[in-house]
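Next comes structure-v4.cif, with mmCIF, C-alpha atoms.
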data_data
#
loop_
_atom_site.label_atom_id
_atom_site.label_comp_id
_atom_site.auth_asym_id
_atom_site.auth_seq_id
_atom_site.Cartn_x
_atom_site.Cartn_y
_atom_site.Cartn_z
CA MET A 1 0.00 0.00 0.00
CA ALA A 2 2.87 2.38 0.79
CA SER A 3 4.15 2.01 -2.79
CA ARG A 4 0.82 3.01 -4.27
CA GLU A 5 0.43 5.88 -1.80
CA LEU A 6 3.76 7.31 -2.93
CA ALA A 7 2.80 6.78 -6.58
CA ILE A 8 -0.47 8.68 -6.06
CA ASP A 9 1.35 11.55 -4.35
CA ALA A 10 3.87 11.72 -7.20
CA MET A 11 1.15 11.70 -9.85
CA ILE A 12 -0.61 14.62 -8.15
CA ARG A 13 2.62 16.63 -7.92
CA ILE A 14 3.41 16.01 -11.58
CA GLU A 15 -0.01 17.11 -12.79
CA LYS A 16 -1.02 19.81 -10.33
CA SER A 17 2.33 21.37 -9.42
CA GLY A 18 3.99 21.09 -12.81
CA ALA A 19 6.78 18.92 -11.40
CA TYR A 20 8.82 16.86 -13.87
CA ALA A 21 8.50 13.13 -13.35
CA ASN A 22 12.20 12.42 -13.83
CA LEU A 23 13.07 15.04 -11.20
CA VAL A 24 10.36 14.72 -8.57
CA LEU A 25 10.11 10.93 -8.37
CA PRO A 26 13.78 10.11 -7.60
CA ASP A 27 13.74 12.66 -4.79
CA MET A 28 10.54 11.20 -3.32
CA LEU A 29 11.95 7.69 -3.54
CA ASP A 30 15.20 8.74 -1.85
CA ARG A 31 13.21 10.10 1.09
CA SER A 32 11.13 6.94 1.39
CA SER A 33 11.93 3.70 3.22
CA LEU A 34 10.78 1.50 0.34
CA SER A 35 12.78 -1.53 -0.72
CA ALA A 36 14.57 -1.60 -4.06
CA ALA A 37 11.83 -3.78 -5.54
CA ASP A 38 9.11 -1.41 -4.33
CA ARG A 39 11.01 1.57 -5.75
CA ARG A 40 11.09 -0.10 -9.14
CA PHE A 41 7.37 -0.79 -8.86
CA VAL A 42 6.59 2.85 -7.99
CA THR A 43 8.71 4.03 -10.92
CA GLU A 44 6.81 1.74 -13.28
CA LEU A 45 3.47 2.94 -11.92
CA VAL A 46 4.28 6.65 -12.12
CA TYR A 47 6.12 6.63 -15.44
CA GLY A 48 3.65 4.19 -17.00
CA ALA A 49 0.46 5.86 -15.80
CA THR A 50 1.81 9.29 -16.75
CA ARG A 51 2.83 8.06 -20.20
CA MET A 52 -0.49 6.25 -20.79
CA GLN A 53 -2.58 8.93 -19.09
CA ARG A 54 -4.95 9.62 -21.98
CA ALA A 55 -5.60 5.93 -22.62
CA CYS A 56 -6.17 5.23 -18.92
CA ASP A 57 -8.51 8.20 -18.59
CA HIS A 58 -10.60 6.89 -21.46
CA LEU A 59 -10.83 3.41 -19.97
CA TYR A 60 -12.13 4.49 -16.58
CA ASP A 61 -14.03 7.65 -17.60
CA ARG A 62 -16.68 5.41 -19.18
CA PHE A 63 -17.82 4.43 -15.69
CA LEU A 64 -17.27 7.73 -13.85
CA VAL A 65 -20.08 10.14 -13.04
CA GLY A 66 -19.31 13.68 -11.91
CA GLU A 67 -16.12 15.36 -10.76
CA VAL A 68 -13.58 13.65 -8.51
CA ASP A 69 -10.75 14.91 -6.33
CA ASP A 70 -7.04 14.63 -7.11
CA GLN A 71 -6.56 11.52 -4.96
CA VAL A 72 -9.33 9.68 -6.77
CA ARG A 73 -8.11 10.72 -10.23
CA ALA A 74 -4.56 9.59 -9.51
CA GLY A 75 -5.81 6.36 -7.94
CA LEU A 76 -7.95 5.58 -10.96
CA ARG A 77 -5.01 6.17 -13.28
CA ILE A 78 -2.57 3.91 -11.47
CA GLY A 79 -5.28 1.31 -10.87
CA THR A 80 -6.26 1.25 -14.55
CA TYR A 81 -2.61 1.09 -15.56
CA GLN A 82 -2.10 -1.97 -13.36
CA LEU A 83 -5.21 -3.70 -14.71
CA CYS A 84 -4.82 -2.95 -18.40
CA TYR A 85 -1.06 -2.66 -18.93
CA LEU A 86 0.67 -4.54 -16.12
CA ARG A 87 -2.06 -7.21 -16.13
CA THR A 88 -2.08 -7.23 -12.33
CA PRO A 89 -4.80 -9.58 -10.98
CA ALA A 90 -7.94 -7.57 -10.27
CA HIS A 91 -8.15 -8.47 -6.59
CA ALA A 92 -4.61 -7.22 -5.98
CA ALA A 93 -4.77 -4.09 -8.15
CA VAL A 94 -8.17 -2.93 -6.95
CA ASP A 95 -7.87 -3.65 -3.24
CA ALA A 96 -4.37 -2.22 -2.87
CA THR A 97 -5.15 0.89 -4.90
CA VAL A 98 -8.37 1.59 -3.02
CA GLY A 99 -6.44 1.26 0.23
CA ALA A 100 -3.88 3.80 -0.94
CA VAL A 101 -6.46 6.52 -1.70
CA ARG A 102 -6.58 8.97 1.20
CA SER A 103 -9.93 10.68 0.57
CA LYS A 104 -13.63 10.03 0.84
CA GLY A 105 -13.65 8.86 -2.76
CA ARG A 106 -12.40 5.34 -2.00
CA SER A 107 -15.79 3.84 -2.80
CA VAL A 108 -15.73 5.50 -6.22
CA VAL A 109 -12.28 4.10 -6.96
CA ASN A 110 -13.42 0.66 -5.87
CA ALA A 111 -16.57 0.67 -8.02
CA VAL A 112 -14.96 2.12 -11.14
CA LEU A 113 -11.87 -0.11 -11.10
CA ARG A 114 -14.03 -3.21 -10.74
CA ARG A 115 -15.89 -2.15 -13.88
CA VAL A 116 -12.60 -1.54 -15.69
CA ALA A 117 -11.38 -5.01 -14.68
CA THR A 118 -14.35 -6.74 -16.31
CA SER A 119 -14.80 -4.56 -19.41
CA PRO A 120 -13.20 -4.83 -22.87
CA ILE A 121 -10.25 -2.58 -23.69
CA GLU A 122 -11.49 -0.47 -26.60
CA PHE A 123 -10.41 2.90 -27.98
CA PRO A 124 -12.07 5.30 -30.44
CA SER A 125 -8.80 6.43 -32.08
CA ASP A 126 -5.11 5.60 -32.37
CA ALA A 127 -4.19 8.83 -30.58
CA ILE A 128 -6.20 7.74 -27.52
CA ARG A 129 -5.00 4.13 -27.74
CA LEU A 130 -1.36 5.22 -27.86
CA SER A 131 -1.98 8.05 -25.38
CA TYR A 132 -0.78 11.12 -27.28
CA PRO A 133 -2.41 14.47 -27.97
CA ASP A 134 -4.15 14.52 -31.36
CA TRP A 135 -1.80 17.20 -32.68
CA ILE A 136 1.30 15.08 -31.99
CA MET A 137 -0.29 12.15 -33.79
CA ASP A 138 -1.00 14.47 -36.73
CA GLU A 139 2.58 15.82 -36.76
CA PHE A 140 4.09 12.33 -36.81
CA THR A 141 1.71 11.12 -39.52
CA ALA A 142 2.38 14.12 -41.75
CA PHE A 143 6.14 13.65 -41.51
CA LEU A 144 6.56 9.87 -41.40
CA GLY A 145 3.39 8.51 -42.97
CA ARG A 146 0.78 6.57 -41.03
CA ASP A 147 2.52 3.20 -40.65
CA ARG A 148 5.90 4.61 -39.60
CA ALA A 149 4.21 7.12 -37.31
CA LEU A 150 2.26 4.43 -35.47
CA ALA A 151 5.35 2.24 -35.13
CA ALA A 152 7.42 5.15 -33.76
CA LEU A 153 4.76 6.21 -31.28
CA GLU A 154 4.26 2.65 -30.10
CA ALA A 155 8.02 2.22 -29.62
CA MET A 156 8.16 5.32 -27.43
CA ASN A 157 5.51 3.88 -25.13
CA ARG A 158 7.98 1.22 -24.06
CA PRO A 159 10.42 1.98 -21.22
CA ALA A 160 13.83 3.29 -22.20
CA VAL A 161 16.78 0.90 -22.15
CA THR A 162 19.98 2.02 -20.43
CA ALA A 163 22.94 2.12 -22.79
CA VAL A 164 26.50 2.56 -21.52
CA ARG A 165 29.52 3.55 -23.60
CA GLN A 166 32.87 1.83 -23.19
CA ASP A 167 34.06 4.69 -20.99
CA GLY A 168 31.12 4.20 -18.59
CA TYR A 169 29.06 7.19 -19.74
CA VAL A 170 25.33 6.49 -19.99
CA GLN A 171 24.17 7.65 -23.43
CA ASP A 172 21.34 6.63 -25.73
CA PRO A 173 22.49 4.77 -28.87
CA ALA A 174 20.95 7.49 -31.06
CA SER A 175 23.29 10.07 -29.55
CA GLN A 176 26.22 7.71 -30.01
CA LEU A 177 25.31 7.41 -33.70
CA VAL A 178 25.37 11.21 -33.99
CA VAL A 179 28.90 11.28 -32.57
CA ALA A 180 29.96 8.60 -35.06
CA ALA A 181 28.32 10.53 -37.91
CA THR A 182 30.42 13.63 -37.22
CA GLY A 183 33.45 11.72 -38.47
CA VAL A 184 35.80 13.77 -36.28
CA GLY A 185 39.16 12.33 -35.36
CA PRO A 186 42.68 13.17 -34.17
CA GLY A 187 43.74 16.68 -35.11
CA ASP A 188 40.25 18.03 -35.75
CA LEU A 189 39.46 21.31 -33.99
CA THR A 190 35.80 21.00 -33.08
CA ALA A 191 33.14 22.93 -31.18
CA ASP A 192 29.96 21.60 -29.61
CA VAL A 193 27.92 24.78 -29.25
CA CYS A 194 24.95 23.26 -27.35
CA ALA A 195 26.99 20.77 -25.38
CA ALA A 196 25.33 20.19 -21.99
CA PRO A 197 25.43 17.75 -20.31
CA GLY A 198 28.46 16.79 -22.39
CA GLY A 199 27.74 13.33 -23.80
CA LYS A 200 28.43 14.17 -27.43
CA ALA A 201 31.34 16.50 -26.63
CA THR A 202 33.10 13.81 -24.59
CA GLY A 203 32.25 11.25 -27.26
CA MET A 204 34.02 13.35 -29.90
CA ALA A 205 36.96 13.92 -27.55
CA HIS A 206 37.32 10.15 -27.17
CA ARG A 207 37.65 9.98 -30.96
CA GLY A 208 40.74 12.18 -30.68
CA ALA A 209 39.30 15.56 -31.62
CA THR A 210 40.08 18.76 -29.73
CA VAL A 211 36.62 19.79 -28.56
CA ILE A 212 35.49 23.20 -27.29
CA ALA A 213 32.27 22.66 -25.34
CA ALA A 214 29.83 25.53 -24.88
CA ASP A 215 26.37 26.12 -23.48
CA ARG A 216 24.39 29.21 -22.65
CA ARG A 217 24.09 28.90 -18.86
CA ALA A 218 26.85 28.49 -16.30
CA SER A 219 24.87 25.78 -14.52
CA ARG A 220 24.70 23.73 -17.70
CA VAL A 221 28.40 24.21 -18.39
CA GLY A 222 28.91 22.94 -14.83
CA LEU A 223 27.25 19.67 -15.87
CA ILE A 224 29.75 19.36 -18.72
CA ALA A 225 32.62 20.00 -16.31
CA ASP A 226 31.37 17.32 -13.92
CA ASN A 227 31.14 14.74 -16.69
CA THR A 228 34.52 15.56 -18.23
CA ARG A 229 36.19 15.23 -14.83
CA ARG A 230 34.49 11.92 -14.18
CA LEU A 231 35.70 10.61 -17.55
CA GLY A 232 39.25 11.88 -17.03
CA LEU A 233 39.06 14.41 -19.87
CA GLU A 234 40.03 18.07 -20.12
CA LEU A 235 37.93 20.17 -22.51
CA PRO A 236 37.92 23.95 -22.99
CA LEU A 237 34.53 25.11 -21.64
CA ILE A 238 32.66 28.29 -22.57
CA VAL A 239 29.47 29.91 -21.32
CA SER A 240 27.96 31.37 -24.47
CA ASP A 241 24.80 31.72 -26.51
CA ALA A 242 25.05 29.45 -29.58
CA ARG A 243 23.60 32.25 -31.71
CA THR A 244 26.64 34.43 -30.97
CA PRO A 245 29.56 32.07 -30.23
CA PRO A 246 32.80 33.86 -29.14
CA LEU A 247 34.94 31.93 -31.62
CA ARG A 248 36.84 33.17 -34.65
CA PRO A 249 34.95 32.80 -37.95
CA ARG A 250 36.22 30.09 -40.32
CA SER A 251 38.62 28.72 -37.72
CA LEU A 252 37.20 25.24 -36.99
CA ASP A 253 37.25 21.91 -38.79
CA HIS A 254 33.91 20.83 -37.37
CA VAL A 255 30.97 22.21 -35.39
CA LEU A 256 28.25 20.11 -33.79
CA VAL A 257 24.86 21.76 -33.35
CA ASP A 258 22.81 19.45 -31.13
CA ALA A 259 20.09 22.05 -31.01
CA PRO A 260 17.35 22.67 -28.43
CA CYS A 261 14.22 21.05 -29.85
CA SER A 262 10.70 19.86 -29.13
CA GLY A 263 12.04 16.42 -28.18
CA PHE A 264 9.49 14.27 -30.04
CA GLY A 265 12.10 11.52 -30.35
CA SER A 266 12.75 11.18 -26.61
CA PHE A 267 9.24 10.51 -25.26
CA ARG A 268 10.44 7.15 -23.86
CA ARG A 269 12.70 8.95 -21.38
CA ARG A 270 10.33 11.80 -20.53
CA PRO A 271 6.93 10.29 -19.72
CA ASP A 272 5.24 13.65 -19.10
CA ALA A 273 6.76 15.50 -22.08
CA ARG A 274 3.90 14.70 -24.46
CA TRP A 275 1.51 16.58 -22.17
CA ARG A 276 3.82 19.59 -21.69
CA ILE A 277 4.93 20.44 -25.22
CA GLU A 278 2.91 23.28 -26.72
CA GLN A 279 1.65 22.91 -30.26
CA GLU A 280 3.45 26.15 -31.19
CA ALA A 281 6.82 24.86 -29.91
CA PRO A 282 8.20 23.48 -33.21
CA GLU A 283 7.67 26.80 -35.02
CA ARG A 284 9.20 28.79 -32.16
CA LEU A 285 12.16 26.44 -31.83
CA GLY A 286 12.66 26.36 -35.59
CA GLU A 287 13.48 30.05 -35.56
CA LEU A 288 16.08 29.52 -32.83
CA GLN A 289 17.55 26.52 -34.64
CA ARG A 290 17.96 28.49 -37.88
CA ASP A 291 19.88 31.22 -36.04
CA ILE A 292 22.14 28.68 -34.30
CA LEU A 293 22.89 26.72 -37.46
CA ALA A 294 23.67 29.89 -39.41
CA ALA A 295 26.07 31.04 -36.69
CA ALA A 296 27.70 27.61 -36.55
CA PHE A 297 28.30 27.59 -40.31
CA GLU A 298 30.23 30.85 -39.99
CA LEU A 299 32.73 29.08 -37.73
CA VAL A 300 33.93 26.38 -40.15
CA ARG A 301 36.81 26.87 -42.53
CA PRO A 302 36.68 25.75 -46.20
CA ASP A 303 36.05 22.00 -46.28
CA GLY A 304 34.83 22.25 -42.67
CA VAL A 305 31.59 20.53 -41.70
CA VAL A 306 28.66 21.40 -39.47
CA THR A 307 26.62 18.50 -38.11
CA TYR A 308 23.07 19.48 -37.16
CA SER A 309 21.10 17.09 -34.96
CA VAL A 310 17.82 17.22 -33.06
CA CYS A 311 16.04 14.50 -31.08
CA THR A 312 12.72 15.26 -32.73
CA PHE A 313 10.79 14.84 -35.98
CA GLY A 314 9.18 17.20 -38.45
CA ARG A 315 9.84 19.50 -41.36
CA VAL A 316 9.88 22.71 -39.29
CA GLU A 317 12.79 21.65 -37.06
CA GLY A 318 14.56 19.67 -39.76
CA ASP A 319 14.32 20.33 -43.48
CA ASP A 320 13.26 23.98 -43.10
CA VAL A 321 16.20 24.75 -40.82
CA VAL A 322 18.78 23.13 -43.08
CA ARG A 323 17.40 24.66 -46.28
CA SER A 324 17.44 28.13 -44.71
CA VAL A 325 21.23 27.92 -44.44
CA LEU A 326 21.66 26.27 -47.85
CA ASP A 327 19.64 29.10 -49.41
CA ALA A 328 21.49 31.86 -47.54
CA GLU A 329 25.05 30.56 -47.88
CA PRO A 330 26.40 30.10 -51.43
CA ASP A 331 29.39 28.17 -50.03
CA ALA A 332 27.19 25.63 -48.22
CA GLU A 333 26.59 22.18 -49.63
CA LEU A 334 24.63 19.27 -48.21
CA LEU A 335 26.64 16.13 -47.62
CA ASP A 336 25.16 12.81 -48.68
CA PRO A 337 22.60 11.56 -46.15
CA ARG A 338 23.62 8.82 -43.77
CA PRO A 339 23.12 5.17 -44.79
CA GLU A 340 21.04 2.66 -42.84
CA PRO A 341 19.80 2.63 -40.13
CA TRP A 342 18.99 6.22 -41.09
CA LEU A 343 15.88 6.92 -43.19
CA ILE A 344 16.13 9.75 -45.73
CA ILE A 345 13.39 12.40 -45.65
CA GLY A 346 14.22 15.56 -47.60
CA THR A 347 17.59 16.89 -46.46
CA MET A 348 17.43 14.92 -43.21
CA SER A 349 18.71 11.55 -42.11
CA VAL A 350 16.06 10.26 -39.72
CA LEU A 351 16.57 7.59 -37.07
CA LEU A 352 13.26 6.11 -35.95
CA PRO A 353 12.88 5.11 -32.30
CA ASP A 354 12.87 1.41 -31.57
CA ASN A 355 13.43 -0.89 -28.61
CA GLU A 356 17.03 0.28 -28.26
CA SER A 357 17.22 3.99 -29.10
CA ASP A 358 15.51 7.35 -29.17
CA GLY A 359 14.53 9.05 -32.42
CA MET A 360 16.81 11.58 -34.09
CA MET A 361 17.23 13.76 -37.18
CA LEU A 362 20.61 14.73 -38.61
CA ALA A 363 22.08 16.68 -41.53
CA GLN A 364 25.60 17.80 -42.43
CA LEU A 365 26.67 20.95 -44.27
CA ARG A 366 30.16 21.51 -45.69
CA ARG A 367 31.75 24.80 -46.68
CA ARG A 368 33.02 24.50 -50.25
CA GLN A 369 36.66 25.16 -51.01
CA VAL A 370 37.27 28.52 -52.65
CA ARG A 371 38.53 27.91 -56.19
#
Would you give me this structure, written as structure tokens?
Amino acid sequence: MASRELAIDAMIRIEKSGAYANLVLPDMLDRSSLSAADRRFVTELVYGATRMQRACDHLYDRFLVGEVDDQVRAGLRIGTYQLCYLRTPAHAAVDATVGAVRSKGRSVVNAVLRRVATSPIEFPSDAIRLSYPDWIMDEFTAFLGRDRALAALEAMNRPAVTAVRQDGYVQDPASQLVVAATGVGPGDLTADVCAAPGGKATGMAHRGATVIAADRRASRVGLIADNTRRLGLELPLIVSDARTPPLRPRSLDHVLVDAPCSGFGSFRRRPDARWRIEQEAPERLGELQRDILAAAFELVRPDGVVTYSVCTFGRVEGDDVVRSVLDAEPDAELLDPRPEPWLIIGTMSVLLPDNESDGMMLAQLRRRQVR
């Protein structure tokens, strides 16, 4: 019961206080006396019920009459998640969840969950079944096509898998593929202009490149410093806005722009992100990305390359950004898209999320030699 009580409290904080699941839950677990197994169970309940919130709401709302308090709503969500996704036996899921609800609405939770346990699991749309806002479903379908969109969205409803590099740094395989795609090596003078927390910068340094790592806030640069120390590396660190980097124009062999983005490709790791992203975010971020990529291109010497990557999908944060620089810079040329496992859409190499990795888009621009 204590596990479900903590899960209900976390769910309420995430929804009502705007707390981020990946920040609030670890802190709550650290302050609890739960066993390791119970902590894993709470994490599954909170992440799973938050991720599948829309689907769970549909499944129990069919049997709910009137408004309910926060305790009841959170209890219904974690109870429905146990019944329909964890396949917990009804007697265990219902009784334990009802016991964890600390309000007068326990009888409502009991009655509704018993109806959920004996009713078919049916959904009126794929967006509700997969538990995404309609507009995100529409964005994915427009960019990837229906079949690929459904497969990608389904993949991101599965828990993320921890991936560890040879040096011990925890980094998603998609990000490791971006580092490999840069092609940097010994002797290359490189900048990572949106570097925090430092995974890609340290990855390029391990390939032998001299890497200048920058980010716009001192606290974020501090994260890079912590990670470089832990990995036994020394990188020049800069606090700077990627739109106005304090580096000499045409002085670098390579620049990585791992730009701030809407994060559509990382929903596995951020269970509440799908409910927080505003529909206007891609357009707003696209403007920022165009400015950053244009500034980055000014830093590379002839034959130098800029790698642009974002952990999201869509024309606005991908093709439109890259073409804006190609159109504005007569010396810019698009390098050939990456081979498999990348999918080619317009100017972008697209990595679809699967059981092992997040989703990603990537493109590379080279400055032509002056003849």
- [ ] Write out as a VMD selection string each polymer residue whose atoms come within 10 Å of Ser219 in chain A, counting only C-alpha atoms; drop sequence neighbours fewer than 4 positions from it.
- [x] chain A and resid 196 to 197 215 223 to 225 239
Mind running range 289-316 of chain A against range 264-271 of chain A at 7 Å and telling me each contacting residue's nearest atom pair with the distance in Å (one decimal), counting only C-alpha atoms, chain and number ascending, as CSV?
residue,atom,partner,partner_atom,distance
A:Cys311,CA,A:Gly265,CA,5.0
A:Thr312,CA,A:Phe264,CA,4.3
A:Phe313,CA,A:Phe264,CA,6.1
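Reported to one decimal place, the separation of CA of Gly203 in chain A from CA of Asn157 in chain A is 27.8 Å.
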Task: Distance query Asp303 in chain A at most 10 Å, all atoms listed in the file, self and fewer than 4 positions along chain excluded, as number ranges by chain - done: A: 252-254, 331-332, 365-370
Would you mind exporting C-alpha atoms of the selected residues as a short mmCIF file (atom, residue, chain, number, x, y, z; two decimals), in the frame of the given file?
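Written output follows (again32.cif):
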data_model
loop_
_atom_site.label_atom_id
_atom_site.label_comp_id
_atom_site.auth_asym_id
_atom_site.auth_seq_id
_atom_site.Cartn_x
_atom_site.Cartn_y
_atom_site.Cartn_z
CA LEU A 252 37.20 25.24 -36.99
CA ASP A 253 37.25 21.91 -38.79
CA HIS A 254 33.91 20.83 -37.37
CA ASP A 331 29.39 28.17 -50.03
CA ALA A 332 27.19 25.63 -48.22
CA LEU A 365 26.67 20.95 -44.27
CA ARG A 366 30.16 21.51 -45.69
CA ARG A 367 31.75 24.80 -46.68
CA ARG A 368 33.02 24.50 -50.25
CA GLN A 369 36.66 25.16 -51.01
CA VAL A 370 37.27 28.52 -52.65
#
Task: For Glu280 in chain A, the nearest of the candidates A:Glu139, A:Ala201, A:Thr244, A:Val179, counting all atoms listed in the file - done: A:Glu139
TODO: With a distance cut-off of 8 Å and only C-alpha atoms, select the neighbouring residues of Ser251 in chain A, excluding the residue or stretch itself and same-chain residues fewer than 5 positions from it, and output the selection as a list in words.
DONE: Leu299, Val300 and Arg301 of chain A
Task: Separation of CA of Val255 in chain A from CA of Tyr308 in chain A in Å - done: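 Here the two named atoms are 8.5 Å from each other.
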- [ ] Return the single residue from A:His58, A:Arg230, A:Arg102, A:Arg40 that is closest to Ile8 in chain A, with distances computed using only C-alpha atoms.
- [x]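 The shortest atom-to-atom distance to Ile8 in chain A comes from A:Arg102.
Here the residues that fall within 9 Å of (2.5, 13.2, -11.6), using only C-alpha atoms, are given as A:Ala7, A:Ile8, A:Asp9, A:Ala10, A:Met11, A:Ile12, A:Arg13, A:Ile14, A:Glu15, A:Lys16, A:Ser17, A:Gly18, A:Ala19, A:Tyr20, A:Ala21, A:Val24, A:Leu25, A:Val46, A:Tyr47, A:Ala49, A:Thr50, A:Ala74, A:Asp272.
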Task: Nearest to Pro245 in chain A, chosen from A:Glu278, A:Asp192, A:Glu5, A:Asp27, with only C-alpha atoms counted in the distances - done: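 Nearest to Pro245 in chain A: A:Asp192.
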Task: Length of the CA of Ala218 in chain A to CA of Cys194 in chain A vector [Å] - done: 12.4 Å
Open item on the list: For a quick check of your reading of the model, name the residues lying within 9 Å of the coordinate (-6.2, -1.0, -16.3), counting only C-alpha atoms, and write them as a PyMOL selection string.
Closed with: chain A and resi 56+59-60+76-88+93+113+116-117+121
Can I get the selected residues back with C-alpha atoms, as a short mmCIF file (atom, residue, chain, number, x, y, z; two decimals), in the frame of the given file?
data_model
loop_
_atom_site.label_atom_id
_atom_site.label_comp_id
_atom_site.auth_asym_id
_atom_site.auth_seq_id
_atom_site.Cartn_x
_atom_site.Cartn_y
_atom_site.Cartn_z
CA CYS A 56 -6.17 5.23 -18.92
CA LEU A 59 -10.83 3.41 -19.97
CA TYR A 60 -12.13 4.49 -16.58
CA LEU A 76 -7.95 5.58 -10.96
CA ARG A 77 -5.01 6.17 -13.28
CA ILE A 78 -2.57 3.91 -11.47
CA GLY A 79 -5.28 1.31 -10.87
CA THR A 80 -6.26 1.25 -14.55
CA TYR A 81 -2.61 1.09 -15.56
CA GLN A 82 -2.10 -1.97 -13.36
CA LEU A 83 -5.21 -3.70 -14.71
CA CYS A 84 -4.82 -2.95 -18.40
CA TYR A 85 -1.06 -2.66 -18.93
CA LEU A 86 0.67 -4.54 -16.12
CA ARG A 87 -2.06 -7.21 -16.13
CA THR A 88 -2.08 -7.23 -12.33
CA ALA A 93 -4.77 -4.09 -8.15
CA LEU A 113 -11.87 -0.11 -11.10
CA VAL A 116 -12.60 -1.54 -15.69
CA ALA A 117 -11.38 -5.01 -14.68
CA ILE A 121 -10.25 -2.58 -23.69
#
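The residues returned by the PyMOL selection byres ((chain A and resi 345) around 12) on the shown structure are A:Ala142, A:Phe143, A:Leu144, A:Gly145, A:Phe313, A:Gly314, A:Arg315, A:Gly318, A:Asp319, A:Asp320, A:Pro337, A:Arg338, A:Trp342, A:Leu343, A:Ile344, A:Gly346, A:Thr347, A:Met348, A:Ser349, A:Val350, A:Leu351, A:Leu352, A:Met361, A:Leu362, A:Ala363.
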Residues from last step as file, C-alpha atoms, as a JSON list (two decimals), in the coordinates of the input:
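Output below, filename again_7.json:
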[["chain", "number", "residue", "atom", "x", "y", "z"],
["A", 142, "ALA", "CA", 2.38, 14.12, -41.75],
["A", 143, "PHE", "CA", 6.14, 13.65, -41.51],
["A", 144, "LEU", "CA", 6.56, 9.87, -41.40],
["A", 145, "GLY", "CA", 3.39, 8.51, -42.97],
["A", 313, "PHE", "CA", 10.79, 14.84, -35.98],
["A", 314, "GLY", "CA", 9.18, 17.20, -38.45],
["A", 315, "ARG", "CA", 9.84, 19.50, -41.36],
["A", 318, "GLY", "CA", 14.56, 19.67, -39.76],
["A", 319, "ASP", "CA", 14.32, 20.33, -43.48],
["A", 320, "ASP", "CA", 13.26, 23.98, -43.10],
["A", 337, "PRO", "CA", 22.60, 11.56, -46.15],
["A", 338, "ARG", "CA", 23.62, 8.82, -43.77],
["A", 342, "TRP", "CA", 18.99, 6.22, -41.09],
["A", 343, "LEU", "CA", 15.88, 6.92, -43.19],
["A", 344, "ILE", "CA", 16.13, 9.75, -45.73],
["A", 346, "GLY", "CA", 14.22, 15.56, -47.60],
["A", 347, "THR", "CA", 17.59, 16.89, -46.46],
["A", 348, "MET", "CA", 17.43, 14.92, -43.21],
["A", 349, "SER", "CA", 18.71, 11.55, -42.11],
["A", 350, "VAL", "CA", 16.06, 10.26, -39.72],
["A", 351, "LEU", "CA", 16.57, 7.59, -37.07],
["A", 352, "LEU", "CA", 13.26, 6.11, -35.95],
["A", 361, "MET", "CA", 17.23, 13.76, -37.18],
["A", 362, "LEU", "CA", 20.61, 14.73, -38.61],
["A", 363, "ALA", "CA", 22.08, 16.68, -41.53]]
Kindly complete range 315-326 of chain A to N, CA and C atoms; the output should be written as a PDB file, keeping the file's coordinate frame.
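Result went into rebuild_19.pdb, see below:
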ATOM      1  N   ARG A 315       9.243  18.622 -40.356  1.00  0.00           N
ATOM      2  CA  ARG A 315       9.840  19.500 -41.360  1.00  0.00           C
ATOM      3  C   ARG A 315      10.336  20.812 -40.744  1.00  0.00           C
ATOM      4  N   VAL A 316       9.576  21.376 -39.816  1.00  0.00           N
ATOM      5  CA  VAL A 316       9.880  22.710 -39.290  1.00  0.00           C
ATOM      6  C   VAL A 316      11.213  22.736 -38.551  1.00  0.00           C
ATOM      7  N   GLU A 317      11.539  21.687 -37.803  1.00  0.00           N
ATOM      8  CA  GLU A 317      12.790  21.650 -37.060  1.00  0.00           C
ATOM      9  C   GLU A 317      13.889  20.869 -37.794  1.00  0.00           C
ATOM     10  N   GLY A 318      13.594  20.423 -38.987  1.00  0.00           N
ATOM     11  CA  GLY A 318      14.560  19.670 -39.760  1.00  0.00           C
ATOM     12  C   GLY A 318      14.839  20.312 -41.106  1.00  0.00           C
ATOM     13  N   ASP A 319      14.089  19.897 -42.104  1.00  0.00           N
ATOM     14  CA  ASP A 319      14.320  20.330 -43.480  1.00  0.00           C
ATOM     15  C   ASP A 319      14.301  21.847 -43.619  1.00  0.00           C
ATOM     16  N   ASP A 320      13.352  22.518 -42.986  1.00  0.00           N
ATOM     17  CA  ASP A 320      13.260  23.980 -43.100  1.00  0.00           C
ATOM     18  C   ASP A 320      14.494  24.665 -42.546  1.00  0.00           C
ATOM     19  N   VAL A 321      15.018  24.161 -41.443  1.00  0.00           N
ATOM     20  CA  VAL A 321      16.200  24.750 -40.820  1.00  0.00           C
ATOM     21  C   VAL A 321      17.417  24.595 -41.726  1.00  0.00           C
ATOM     22  N   VAL A 322      17.611  23.406 -42.239  1.00  0.00           N
ATOM     23  CA  VAL A 322      18.780  23.130 -43.080  1.00  0.00           C
ATOM     24  C   VAL A 322      18.698  23.920 -44.387  1.00  0.00           C
ATOM     25  N   ARG A 323      17.537  23.939 -45.005  1.00  0.00           N
ATOM     26  CA  ARG A 323      17.400  24.660 -46.280  1.00  0.00           C
ATOM     27  C   ARG A 323      17.577  26.165 -46.101  1.00  0.00           C
ATOM     28  N   SER A 324      17.245  26.693 -44.936  1.00  0.00           N
ATOM     29  CA  SER A 324      17.440  28.130 -44.710  1.00  0.00           C
ATOM     30  C   SER A 324      18.905  28.512 -44.822  1.00  0.00           C
ATOM     31  N   VAL A 325      19.799  27.646 -44.337  1.00  0.00           N
ATOM     32  CA  VAL A 325      21.230  27.920 -44.440  1.00  0.00           C
ATOM     33  C   VAL A 325      21.733  27.636 -45.858  1.00  0.00           C
ATOM     34  N   LEU A 326      21.257  26.565 -46.463  1.00  0.00           N
ATOM     35  CA  LEU A 326      21.660  26.270 -47.850  1.00  0.00           C
ATOM     36  C   LEU A 326      21.257  27.413 -48.784  1.00  0.00           C
TER      37      LEU A 326
END
